[in-house]
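> For reference, this is target18.cif, and it has mmCIF, C-alpha atoms.
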data_protein
#
loop_
_atom_site.group_PDB
_atom_site.id
_atom_site.type_symbol
_atom_site.label_atom_id
_atom_site.label_comp_id
_atom_site.auth_asym_id
_atom_site.auth_seq_id
_atom_site.Cartn_x
_atom_site.Cartn_y
_atom_site.Cartn_z
ATOM 1 C CA MET P 11 0.000 0.000 0.000
ATOM 2 C CA ARG P 12 1.356 3.386 -0.928
ATOM 3 C CA GLU P 13 -1.341 5.542 0.655
ATOM 4 C CA LEU P 14 -3.155 5.267 3.977
ATOM 5 C CA SER P 15 -6.421 5.871 2.130
ATOM 6 C CA LEU P 16 -5.911 2.498 0.402
ATOM 7 C CA ASN P 17 -5.574 0.848 3.805
ATOM 8 C CA VAL P 18 -8.824 2.542 4.801
ATOM 9 C CA LEU P 19 -10.550 1.102 1.719
ATOM 10 C CA ASP P 20 -9.168 -2.330 2.558
ATOM 11 C CA ILE P 21 -10.264 -2.157 6.214
ATOM 12 C CA ALA P 22 -13.714 -0.869 5.259
ATOM 13 C CA GLU P 23 -14.086 -3.797 2.840
ATOM 14 C CA ASN P 24 -13.853 -6.042 5.923
ATOM 15 C CA SER P 25 -16.839 -4.140 7.341
ATOM 16 C CA VAL P 26 -18.712 -4.711 4.074
ATOM 17 C CA ALA P 27 -17.910 -8.432 4.307
ATOM 18 C CA ALA P 28 -19.066 -8.420 7.961
ATOM 19 C CA ASN P 29 -22.554 -7.376 6.775
ATOM 20 C CA ALA P 30 -22.382 -3.916 8.335
ATOM 21 C CA THR P 31 -25.258 -1.575 7.516
ATOM 22 C CA LEU P 32 -23.421 1.526 8.743
ATOM 23 C CA ILE P 33 -19.723 2.287 8.396
ATOM 24 C CA GLU P 34 -18.183 5.362 9.960
ATOM 25 C CA ILE P 35 -14.845 6.657 8.726
ATOM 26 C CA ASN P 36 -13.185 9.369 10.769
ATOM 27 C CA ILE P 37 -10.057 11.223 9.739
ATOM 28 C CA ARG P 38 -8.765 13.786 12.242
ATOM 29 C CA ALA P 39 -5.519 15.714 12.040
ATOM 30 C CA LYS P 40 -4.569 17.905 14.943
ATOM 31 C CA SER P 41 -1.305 18.991 16.579
ATOM 32 C CA ASN P 42 0.866 16.602 14.577
ATOM 33 C CA ILE P 43 -1.348 13.573 15.234
ATOM 34 C CA LEU P 44 -3.386 11.955 12.496
ATOM 35 C CA VAL P 45 -6.181 9.674 13.689
ATOM 36 C CA ILE P 46 -7.874 7.228 11.343
ATOM 37 C CA GLU P 47 -10.885 5.347 12.591
ATOM 38 C CA VAL P 48 -13.148 2.821 10.853
ATOM 39 C CA LYS P 49 -16.201 1.758 12.871
ATOM 40 C CA ASP P 50 -18.920 -0.618 11.775
ATOM 41 C CA ASN P 51 -22.024 -2.321 13.109
ATOM 42 C CA GLY P 52 -21.213 -5.616 11.400
ATOM 43 C CA LYS P 53 -21.137 -9.067 12.887
ATOM 44 C CA GLY P 54 -18.007 -8.468 15.009
ATOM 45 C CA MET P 55 -15.437 -10.991 16.196
ATOM 46 C CA THR P 56 -14.981 -13.291 19.168
ATOM 47 C CA SER P 57 -12.253 -12.249 21.610
ATOM 48 C CA GLU P 58 -10.314 -15.348 20.598
ATOM 49 C CA PHE P 59 -10.294 -14.278 16.927
ATOM 50 C CA LEU P 60 -9.657 -10.661 17.856
ATOM 51 C CA ASN P 61 -6.503 -11.647 19.733
ATOM 52 C CA ARG P 62 -4.892 -13.076 16.627
ATOM 53 C CA VAL P 63 -6.497 -10.843 13.978
ATOM 54 C CA THR P 64 -3.381 -8.737 13.380
ATOM 55 C CA ASP P 65 -1.358 -11.890 12.745
ATOM 56 C CA PRO P 66 -0.882 -12.179 8.944
ATOM 57 C CA PHE P 67 -1.643 -15.890 9.184
ATOM 58 C CA THR P 68 -5.170 -15.222 10.397
ATOM 59 C CA THR P 69 -8.036 -14.839 7.949
ATOM 60 C CA THR P 70 -11.748 -15.599 7.633
ATOM 61 C CA ARG P 71 -11.086 -17.090 4.228
ATOM 62 C CA THR P 72 -11.218 -20.824 3.785
ATOM 63 C CA THR P 73 -9.313 -21.007 0.493
ATOM 64 C CA ARG P 74 -6.013 -19.784 1.908
ATOM 65 C CA ASP P 75 -4.394 -18.952 5.256
ATOM 66 C CA VAL P 76 -3.144 -15.377 5.030
ATOM 67 C CA GLY P 77 -4.810 -12.027 5.630
ATOM 68 C CA MET P 78 -2.635 -8.951 5.211
ATOM 69 C CA GLY P 79 -5.092 -6.074 5.576
ATOM 70 C CA LEU P 80 -5.027 -5.359 9.318
ATOM 71 C CA PRO P 81 -1.327 -6.302 9.805
ATOM 72 C CA LEU P 82 -0.290 -3.837 7.077
ATOM 73 C CA PHE P 83 -2.362 -1.042 8.593
ATOM 74 C CA LYS P 84 -1.002 -1.752 12.086
ATOM 75 C CA GLN P 85 2.531 -1.741 10.756
ATOM 76 C CA ALA P 86 1.979 1.576 8.947
ATOM 77 C CA ALA P 87 0.851 3.173 12.240
ATOM 78 C CA GLU P 88 3.619 1.735 14.373
ATOM 79 C CA LEU P 89 6.347 2.623 11.865
ATOM 80 C CA SER P 90 5.351 6.257 12.101
ATOM 81 C CA GLY P 91 5.546 6.527 15.890
ATOM 82 C CA GLY P 92 1.819 5.959 16.259
ATOM 83 C CA ARG P 93 -0.351 3.189 17.626
ATOM 84 C CA PHE P 94 -3.036 0.792 16.549
ATOM 85 C CA GLN P 95 -6.042 -0.570 18.360
ATOM 86 C CA ILE P 96 -8.913 -2.807 17.426
ATOM 87 C CA ASP P 97 -12.023 -3.540 19.470
ATOM 88 C CA SER P 98 -14.843 -5.811 18.525
ATOM 89 C CA GLN P 99 -17.899 -7.489 19.954
ATOM 90 C CA VAL P 100 -19.886 -10.279 18.378
ATOM 91 C CA GLY P 101 -23.182 -8.943 17.099
ATOM 92 C CA LYS P 102 -22.246 -5.318 17.827
ATOM 93 C CA GLY P 103 -19.476 -4.407 15.415
ATOM 94 C CA THR P 104 -15.817 -3.546 15.107
ATOM 95 C CA ASN P 105 -13.798 -0.408 15.710
ATOM 96 C CA VAL P 106 -10.360 -0.015 14.129
ATOM 97 C CA TYR P 107 -8.329 2.903 15.427
ATOM 98 C CA ALA P 108 -4.878 4.062 14.287
ATOM 99 C CA GLU P 109 -2.746 7.042 15.210
ATOM 100 C CA PHE P 110 0.131 8.446 13.162
ATOM 101 C CA GLN P 111 2.730 11.067 13.907
ATOM 102 C CA ILE P 112 2.159 13.465 11.003
ATOM 103 C CA ASP P 113 5.727 14.713 10.583
ATOM 104 C CA HIS P 114 7.327 11.273 10.995
ATOM 105 C CA LEU P 115 9.563 10.393 8.036
ATOM 106 C CA ASP P 116 8.037 6.945 7.677
ATOM 107 C CA ARG P 117 4.427 8.091 7.723
ATOM 108 C CA MET P 118 2.725 7.285 4.444
ATOM 109 C CA PRO P 119 0.702 10.091 2.880
ATOM 110 C CA LEU P 120 -3.044 9.857 3.383
ATOM 111 C CA GLY P 121 -3.566 9.967 -0.378
ATOM 112 C CA ASP P 122 -6.936 10.326 -2.022
ATOM 113 C CA ILE P 123 -9.369 9.531 0.789
ATOM 114 C CA GLY P 124 -12.254 11.018 -1.220
ATOM 115 C CA GLU P 125 -11.771 8.333 -3.868
ATOM 116 C CA THR P 126 -11.798 5.680 -1.145
ATOM 117 C CA VAL P 127 -15.131 6.919 0.178
ATOM 118 C CA SER P 128 -16.662 7.196 -3.288
ATOM 119 C CA ALA P 129 -15.363 3.726 -4.241
ATOM 120 C CA LEU P 130 -17.192 2.345 -1.189
ATOM 121 C CA ILE P 131 -20.408 4.194 -2.003
ATOM 122 C CA MET P 132 -20.297 3.068 -5.633
ATOM 123 C CA THR P 133 -19.541 -0.592 -4.974
ATOM 124 C CA ALA P 134 -21.544 -1.161 -1.778
ATOM 125 C CA PRO P 135 -24.379 1.388 -2.104
ATOM 126 C CA HIS P 136 -26.745 -0.571 0.173
ATOM 127 C CA ILE P 137 -24.563 0.360 3.155
ATOM 128 C CA ASP P 138 -24.706 3.771 4.833
ATOM 129 C CA TYR P 139 -21.531 5.741 5.426
ATOM 130 C CA ILE P 140 -20.636 8.595 7.715
ATOM 131 C CA PHE P 141 -17.418 10.220 6.633
ATOM 132 C CA HIS P 142 -16.004 12.819 8.953
ATOM 133 C CA TYR P 143 -12.895 14.748 7.988
ATOM 134 C CA SER P 144 -11.182 17.371 10.108
ATOM 135 C CA VAL P 145 -7.891 19.239 10.025
ATOM 136 C CA GLU P 146 -7.178 21.421 13.055
ATOM 137 C CA ASP P 147 -10.439 23.365 13.499
ATOM 138 C CA ALA P 148 -11.882 22.916 10.007
ATOM 139 C CA SER P 149 -14.151 19.976 9.286
ATOM 140 C CA PHE P 150 -16.967 18.549 7.214
ATOM 141 C CA THR P 151 -19.168 15.453 7.260
ATOM 142 C CA LEU P 152 -20.813 13.398 4.550
ATOM 143 C CA ASP P 153 -23.657 11.210 5.781
ATOM 144 C CA THR P 154 -25.113 9.042 3.017
ATOM 145 C CA ARG P 155 -28.350 8.642 4.982
ATOM 146 C CA GLU P 156 -28.985 12.357 4.371
ATOM 147 C CA VAL P 157 -27.989 11.957 0.731
ATOM 148 C CA LYS P 158 -30.406 9.050 0.265
ATOM 149 C CA GLU P 159 -33.202 11.000 1.929
ATOM 150 C CA THR P 160 -32.652 13.926 -0.439
ATOM 151 C CA LEU P 161 -32.500 11.579 -3.419
ATOM 152 C CA ASP P 162 -35.962 10.220 -2.596
ATOM 153 C CA GLY P 163 -35.617 6.859 -4.356
ATOM 154 C CA ILE P 164 -33.022 7.748 -6.990
ATOM 155 C CA PRO P 165 -30.177 5.235 -6.455
ATOM 156 C CA ILE P 166 -27.094 6.736 -4.801
ATOM 157 C CA GLU P 167 -24.894 4.676 -7.116
ATOM 158 C CA SER P 168 -26.306 6.344 -10.250
ATOM 159 C CA ILE P 169 -23.599 7.806 -12.366
ATOM 160 C CA GLU P 170 -24.803 11.417 -12.031
ATOM 161 C CA VAL P 171 -24.984 11.163 -8.236
ATOM 162 C CA THR P 172 -21.601 9.520 -7.738
ATOM 163 C CA ALA P 173 -19.971 12.062 -10.053
ATOM 164 C CA TYR P 174 -21.433 14.813 -7.884
ATOM 165 C CA LEU P 175 -20.380 13.146 -4.625
ATOM 166 C CA ARG P 176 -16.816 12.697 -5.883
ATOM 167 C CA GLU P 177 -16.590 16.418 -6.626
ATOM 168 C CA PHE P 178 -18.218 17.225 -3.290
ATOM 169 C CA LEU P 179 -15.639 15.147 -1.411
ATOM 170 C CA LYS P 180 -12.698 16.435 -3.401
ATOM 171 C CA GLY P 181 -13.685 20.081 -2.989
ATOM 172 C CA ASN P 182 -14.418 19.863 0.718
ATOM 173 C CA ILE P 183 -11.294 17.865 1.525
ATOM 174 C CA THR P 184 -9.146 20.433 -0.277
ATOM 175 C CA GLU P 185 -10.873 23.263 1.539
ATOM 176 C CA THR P 186 -10.576 21.557 4.932
ATOM 177 C CA ASN P 187 -6.879 20.894 4.324
ATOM 178 C CA GLY P 188 -6.340 24.636 3.962
ATOM 179 C CA GLY P 189 -3.478 24.289 1.503
ATOM 180 C CA ILE P 190 -1.483 21.367 2.888
ATOM 181 C CA ALA P 191 -2.554 17.864 1.893
ATOM 182 C CA LEU P 192 -2.226 15.128 4.497
ATOM 183 C CA MET A 22 -17.714 24.403 1.677
ATOM 184 C CA LYS A 23 -19.907 22.647 -0.854
ATOM 185 C CA THR A 24 -23.307 21.568 0.403
ATOM 186 C CA LEU A 25 -25.659 18.861 -0.794
ATOM 187 C CA ALA A 26 -28.107 21.480 -2.127
ATOM 188 C CA GLU A 27 -27.283 20.690 -5.738
ATOM 189 C CA LEU A 28 -28.390 17.093 -5.213
ATOM 190 C CA LYS A 29 -32.014 18.202 -5.312
ATOM 191 C CA ALA A 30 -31.553 19.444 -8.864
ATOM 192 C CA ILE A 31 -29.900 16.168 -9.850
ATOM 193 C CA ARG A 32 -32.761 14.222 -8.268
ATOM 194 C CA ASP A 33 -35.412 16.248 -10.100
ATOM 195 C CA ARG A 34 -33.605 15.845 -13.400
ATOM 196 C CA MET A 35 -33.302 12.083 -12.894
ATOM 197 C CA GLN A 36 -36.868 11.600 -11.763
ATOM 198 C CA ALA A 37 -37.959 13.169 -15.032
ATOM 199 C CA GLN A 38 -35.821 10.697 -16.992
ATOM 200 C CA ILE A 39 -36.674 7.582 -15.050
ATOM 201 C CA ASN A 40 -39.708 6.580 -17.124
ATOM 202 C CA THR A 41 -37.620 6.181 -20.249
ATOM 203 C CA ARG A 42 -35.375 3.704 -18.423
ATOM 204 C CA GLU A 43 -38.115 1.579 -16.880
ATOM 205 C CA SER A 44 -38.697 -0.537 -19.969
ATOM 206 C CA VAL A 45 -35.114 -1.846 -19.836
ATOM 207 C CA ASP A 46 -34.691 -5.334 -18.375
ATOM 208 C CA PRO A 47 -32.021 -5.433 -15.626
ATOM 209 C CA ALA A 48 -31.062 -8.956 -16.774
ATOM 210 C CA SER A 49 -29.660 -7.366 -19.931
ATOM 211 C CA ASP A 50 -27.135 -5.341 -17.925
ATOM 212 C CA ILE A 51 -23.431 -5.846 -18.512
ATOM 213 C CA ARG A 52 -21.514 -6.319 -15.251
ATOM 214 C CA VAL A 53 -17.939 -5.223 -14.653
ATOM 215 C CA VAL A 54 -16.510 -6.690 -11.437
ATOM 216 C CA VAL A 55 -13.272 -5.314 -10.007
ATOM 217 C CA GLY A 56 -11.330 -7.394 -7.452
ATOM 218 C CA MET A 57 -11.024 -5.203 -4.348
ATOM 219 C CA ALA A 58 -9.383 -7.349 -1.677
ATOM 220 C CA THR A 59 -6.048 -6.374 -0.083
ATOM 221 C CA CYS A 60 -4.158 -7.797 -3.071
ATOM 222 C CA GLY A 61 -6.255 -5.930 -5.640
ATOM 223 C CA ILE A 62 -6.201 -2.619 -3.765
ATOM 224 C CA ALA A 63 -2.429 -2.794 -3.239
ATOM 225 C CA ALA A 64 -1.929 -3.495 -6.953
ATOM 226 C CA GLY A 65 -4.009 -0.467 -8.014
ATOM 227 C CA ALA A 66 -7.655 -1.542 -8.160
ATOM 228 C CA ARG A 67 -9.070 1.760 -6.869
ATOM 229 C CA PRO A 68 -7.943 3.929 -9.812
ATOM 230 C CA VAL A 69 -9.004 1.119 -12.161
ATOM 231 C CA LEU A 70 -12.485 1.157 -10.631
ATOM 232 C CA SER A 71 -12.602 4.958 -11.000
ATOM 233 C CA ALA A 72 -11.491 4.695 -14.630
ATOM 234 C CA PHE A 73 -14.317 2.235 -15.400
ATOM 235 C CA ILE A 74 -16.863 4.507 -13.698
ATOM 236 C CA ASP A 75 -15.536 7.572 -15.533
ATOM 237 C CA GLU A 76 -15.575 5.932 -18.917
ATOM 238 C CA VAL A 77 -19.002 4.349 -18.438
ATOM 239 C CA SER A 78 -20.432 7.677 -17.298
ATOM 240 C CA ARG A 79 -18.709 9.688 -20.036
ATOM 241 C CA ARG A 80 -20.296 7.403 -22.636
ATOM 242 C CA ASN A 81 -23.595 7.353 -20.741
ATOM 243 C CA LEU A 82 -23.760 3.532 -20.784
ATOM 244 C CA THR A 83 -26.780 3.087 -18.540
ATOM 245 C CA ASN A 84 -26.851 -0.704 -19.070
ATOM 246 C CA VAL A 85 -23.415 -1.209 -17.450
ATOM 247 C CA LYS A 86 -23.003 -1.927 -13.729
ATOM 248 C CA VAL A 87 -19.560 -1.535 -12.188
ATOM 249 C CA THR A 88 -19.228 -3.480 -8.935
ATOM 250 C CA GLN A 89 -16.595 -5.121 -6.780
ATOM 251 C CA ALA A 90 -15.678 -8.546 -5.494
ATOM 252 C CA GLY A 91 -13.151 -9.771 -2.949
ATOM 253 C CA CYS A 92 -10.023 -11.668 -3.869
ATOM 254 C CA LEU A 93 -10.481 -13.419 -7.217
ATOM 255 C CA GLY A 94 -7.864 -15.988 -6.260
ATOM 256 C CA MET A 95 -4.815 -15.086 -8.322
ATOM 257 C CA CYS A 96 -3.291 -12.272 -6.289
ATOM 258 C CA LYS A 97 -0.152 -11.937 -8.359
ATOM 259 C CA LEU A 98 -2.197 -11.148 -11.472
ATOM 260 C CA GLU A 99 -4.038 -8.225 -9.841
ATOM 261 C CA PRO A 100 -5.625 -5.819 -10.624
ATOM 262 C CA MET A 101 -8.145 -8.292 -12.017
ATOM 263 C CA VAL A 102 -11.485 -7.493 -13.611
ATOM 264 C CA GLU A 103 -14.279 -9.769 -14.781
ATOM 265 C CA VAL A 104 -16.698 -8.690 -17.484
ATOM 266 C CA PHE A 105 -20.066 -10.443 -17.731
ATOM 267 C CA VAL A 106 -22.026 -9.847 -20.916
ATOM 268 C CA PRO A 107 -25.427 -11.599 -20.786
ATOM 269 C CA GLY A 108 -25.488 -14.692 -23.006
ATOM 270 C CA GLN A 109 -21.700 -14.818 -23.336
ATOM 271 C CA GLU A 110 -18.932 -16.464 -21.387
ATOM 272 C CA LYS A 111 -17.301 -14.339 -18.667
ATOM 273 C CA VAL A 112 -14.013 -12.663 -19.642
ATOM 274 C CA THR A 113 -11.306 -12.305 -16.980
ATOM 275 C CA TYR A 114 -8.773 -9.525 -17.399
ATOM 276 C CA ILE A 115 -5.481 -9.325 -15.509
ATOM 277 C CA TYR A 116 -2.859 -6.641 -14.831
ATOM 278 C CA VAL A 117 -5.544 -4.063 -15.607
ATOM 279 C CA THR A 118 -4.410 -0.424 -15.664
ATOM 280 C CA GLU A 119 -6.467 2.754 -15.998
ATOM 281 C CA ASP A 120 -5.718 2.830 -19.740
ATOM 282 C CA ALA A 121 -6.644 -0.827 -20.078
ATOM 283 C CA ALA A 122 -9.927 -0.121 -18.277
ATOM 284 C CA ARG A 123 -10.819 2.595 -20.811
ATOM 285 C CA GLN A 124 -9.860 0.296 -23.659
ATOM 286 C CA ILE A 125 -12.011 -2.530 -22.260
ATOM 287 C CA VAL A 126 -15.003 -0.189 -22.128
ATOM 288 C CA SER A 127 -14.622 1.025 -25.693
ATOM 289 C CA GLU A 128 -13.551 -2.231 -27.365
ATOM 290 C CA HIS A 129 -15.267 -4.935 -25.337
ATOM 291 C CA ILE A 130 -18.314 -3.328 -23.755
ATOM 292 C CA VAL A 131 -19.236 -0.980 -26.584
ATOM 293 C CA ASN A 132 -17.970 -2.876 -29.626
ATOM 294 C CA GLY A 133 -18.152 -6.453 -28.369
ATOM 295 C CA ASN A 134 -14.495 -7.427 -28.913
ATOM 296 C CA PRO A 135 -12.609 -8.539 -25.777
ATOM 297 C CA VAL A 136 -9.181 -6.910 -25.422
ATOM 298 C CA MET A 137 -7.147 -10.101 -25.825
ATOM 299 C CA LYS A 138 -3.826 -8.792 -24.570
ATOM 300 C CA TYR A 139 -5.255 -8.367 -21.051
ATOM 301 C CA VAL A 140 -7.257 -11.600 -20.992
ATOM 302 C CA VAL A 141 -5.973 -14.187 -18.506
ATOM 303 C CA GLY A 142 -3.892 -16.879 -20.192
ATOM 304 C CA ASN A 143 -2.677 -14.535 -22.917
ATOM 305 C CA GLU A 144 -0.069 -12.700 -20.862
#
Please, can you express the file's structure as structure tokens?

Amino acid sequence: MRELSLNVLDIAENSVAANATLIEINIRAKSNILVIEVKDNGKGMTSEFLNRVTDPFTTTRTTRDVGMGLPLFKQAAELSGGRFQIDSQVGKGTNVYAEFQIDHLDRMPLGDIGETVSALIMTAPHIDYIFHYSVEDASFTLDTREVKETLDGIPIESIEVTAYLREFLKGNITETNGGIAL
Amino acid sequence: MKTLAELKAIRDRMQAQINTRESVDPASDIRVVVGMATCGIAAGARPVLSAFIDEVSRRNLTNVKVTQAGCLGMCKLEPMVEVFVPGQEKVTYIYVTEDAARQIVSEHIVNGNPVMKYVVGNE
């Protein structure tokens, strides 16, 4: 992975696979700390599975024995002087939390997080997403439940809508960044 | 900051068009499936997905659905894409780039000729 936003896409795909109906993605940058959080209300994990979930030789797949998504994300956080935490409860959901030291030499750039969010909306439109993005004191939120309400039956994955949402995300991320991309 | 106000205009415009689309049978839709597991994403699946969406929307191909799947099983050949045209055998593409995605839309989806140089087995 070359961008943290690709890790976010990968982690959120786990939430999709866990049958979540709501996925919350929080990106917060303040005082040299970048926080990335992916929360879902999917099926969750047992504490036994949770204990070994960041081991690359743990996976839910039955066709092979490796799963690199969470280990790679954990490594990216720890390499940049940050930390990684994952909490989960069966039937309640999972919360993945990672902290990064923004000015650390080994911190990967965030990359195009707007494209990650729109890729999720386009490919798993039945799920609702809350995307919250803040840099210092500037912030914005996209809640697809509001979008769907406004759309009144028009599918959120329609080409015209997704094109608009991509521009919406791109514009607001740039404005929130205030000149310096994460 | 941009707001969602403009969405209302998009909704109204689309609601006006929807009747013309209703007669189309969803079973006749062409499906493009992009592999989006860790392997696919690390190899560049996200920009490939965006390229498919862009090209399909630019050409206004309303009968094409772009979706995603998990790992398609051959991680070293990622990004992988499967194209399902109703009544035809599935075509599996490997090492797909953004350019390849645009080419697949114009040559395979629009003109009906699979882009052989990206088809699995032909590498």
> Please, which residues of chain A lie no more than 9 Å from chain P when the count uses all atoms listed in the file, and can they be set out as a ChimeraX atom specification?
/A:22-29,31-33,35-36,39,57-60,62-65,67-68,70-71,74-75,77-78,81,83,87-91,94
> Which centre and which edge lengths, in Å to one decimal, describe the axis-aligned box that holds all listed atoms of stretch 24-41 of chain A after 6 Å is added on each side, as AutoDock Vina command-line options?

--center_x -31.5 --center_y 13.9 --center_z -9.9 --size_x 28.4 --size_y 27.4 --size_z 32.7
> Spell out the residues picked by the PyMOL selection byres ((chain P and resi 104) around 6) here, as a list in words.
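This file, filtered by the PyMOL selection byres ((chain P and resi 104) around 6), leaves Lys49, Asp50, Gly54, Asp97, Ser98, Gly103 and Asn105 of chain P.
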> For this file, the PyMOL selection byres ((chain A and resi 51) around 10) selects which residues, as a ChimeraX atom specification?
/A:47-50,52-54,82-87,104-107,130
> Once you have the residues from the selection above, write them out as a PDB file, keeping the file's coordinate frame, restricted to C-alpha atoms.

ATOM      1  CA  PRO A  47     -32.021  -5.433 -15.626  1.00  0.00           C
ATOM      2  CA  ALA A  48     -31.062  -8.956 -16.774  1.00  0.00           C
ATOM      3  CA  SER A  49     -29.660  -7.366 -19.931  1.00  0.00           C
ATOM      4  CA  ASP A  50     -27.135  -5.341 -17.925  1.00  0.00           C
ATOM      5  CA  ARG A  52     -21.514  -6.319 -15.251  1.00  0.00           C
ATOM      6  CA  VAL A  53     -17.939  -5.223 -14.653  1.00  0.00           C
ATOM      7  CA  VAL A  54     -16.510  -6.690 -11.437  1.00  0.00           C
ATOM      8  CA  LEU A  82     -23.760   3.532 -20.784  1.00  0.00           C
ATOM      9  CA  THR A  83     -26.780   3.087 -18.540  1.00  0.00           C
ATOM     10  CA  ASN A  84     -26.851  -0.704 -19.070  1.00  0.00           C
ATOM     11  CA  VAL A  85     -23.415  -1.209 -17.450  1.00  0.00           C
ATOM     12  CA  LYS A  86     -23.003  -1.927 -13.729  1.00  0.00           C
ATOM     13  CA  VAL A  87     -19.560  -1.535 -12.188  1.00  0.00           C
ATOM     14  CA  VAL A 104     -16.698  -8.690 -17.484  1.00  0.00           C
ATOM     15  CA  PHE A 105     -20.066 -10.443 -17.731  1.00  0.00           C
ATOM     16  CA  VAL A 106     -22.026  -9.847 -20.916  1.00  0.00           C
ATOM     17  CA  PRO A 107     -25.427 -11.599 -20.786  1.00  0.00           C
ATOM     18  CA  ILE A 130     -18.314  -3.328 -23.755  1.00  0.00           C
TER      19      ILE A 130
END
> To one decimal in Å, tell me the separation between atom CA of P:Val26 and atom CA of A:Glu103.
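These two atoms are separated by 20.0 Å.
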> Using only C-alpha atoms for the distances, tell me which of P:Ile33, P:Asp113, P:Ala108, P:Asn61 is nearest to P:Glu47.
P:Ala108
> Can you list what the PyMOL selection byres ((chain P and resi 84) around 10) grabs from this structure, as a ChimeraX atom specification?
/P:17,64,79-83,85-89,92-96,106-109
> What is the atom CA of P:Lys40-atom CA of P:Leu14 distance in Å, reported with one decimal?
16.8 Å
> Need the shell around A:Tyr114: protein/DNA/RNA residues with any atom at most 6 Å away, counting all atoms listed in the file. Skip same-chain ones fewer than 2 positions apart. Format as a list of chain:residue names?
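Close residues of A:Tyr114: A:Met101, A:Val102, A:Tyr139, A:Val140, A:Val141.
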> Between atom CA of A:Glu128 and atom CA of A:Val69, what is the distance, to one decimal in Å?
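Pair atom CA of A:Glu128 / atom CA of A:Val69 returns 16.2 Å.
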> Which polymer residues, protein or nucleic acid, are no farther than 9 Å from (-7.0, -11.3, -10.0), counting all atoms listed in the file, as a tab-separated table (two decimals) with C-alpha atoms, keeping the file's coordinate frame?

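The resulting file, selection-v2.tsv, is reproduced below:
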chain	number	residue	atom	x	y	z
A	55	VAL	CA	-13.27	-5.31	-10.01
A	56	GLY	CA	-11.33	-7.39	-7.45
A	60	CYS	CA	-4.16	-7.80	-3.07
A	61	GLY	CA	-6.26	-5.93	-5.64
A	92	CYS	CA	-10.02	-11.67	-3.87
A	93	LEU	CA	-10.48	-13.42	-7.22
A	94	GLY	CA	-7.86	-15.99	-6.26
A	95	MET	CA	-4.82	-15.09	-8.32
A	96	CYS	CA	-3.29	-12.27	-6.29
A	97	LYS	CA	-0.15	-11.94	-8.36
A	98	LEU	CA	-2.20	-11.15	-11.47
A	99	GLU	CA	-4.04	-8.22	-9.84
A	100	PRO	CA	-5.62	-5.82	-10.62
A	101	MET	CA	-8.14	-8.29	-12.02
A	102	VAL	CA	-11.48	-7.49	-13.61
A	103	GLU	CA	-14.28	-9.77	-14.78
A	113	THR	CA	-11.31	-12.30	-16.98
A	114	TYR	CA	-8.77	-9.52	-17.40
A	115	ILE	CA	-5.48	-9.32	-15.51
A	116	TYR	CA	-2.86	-6.64	-14.83
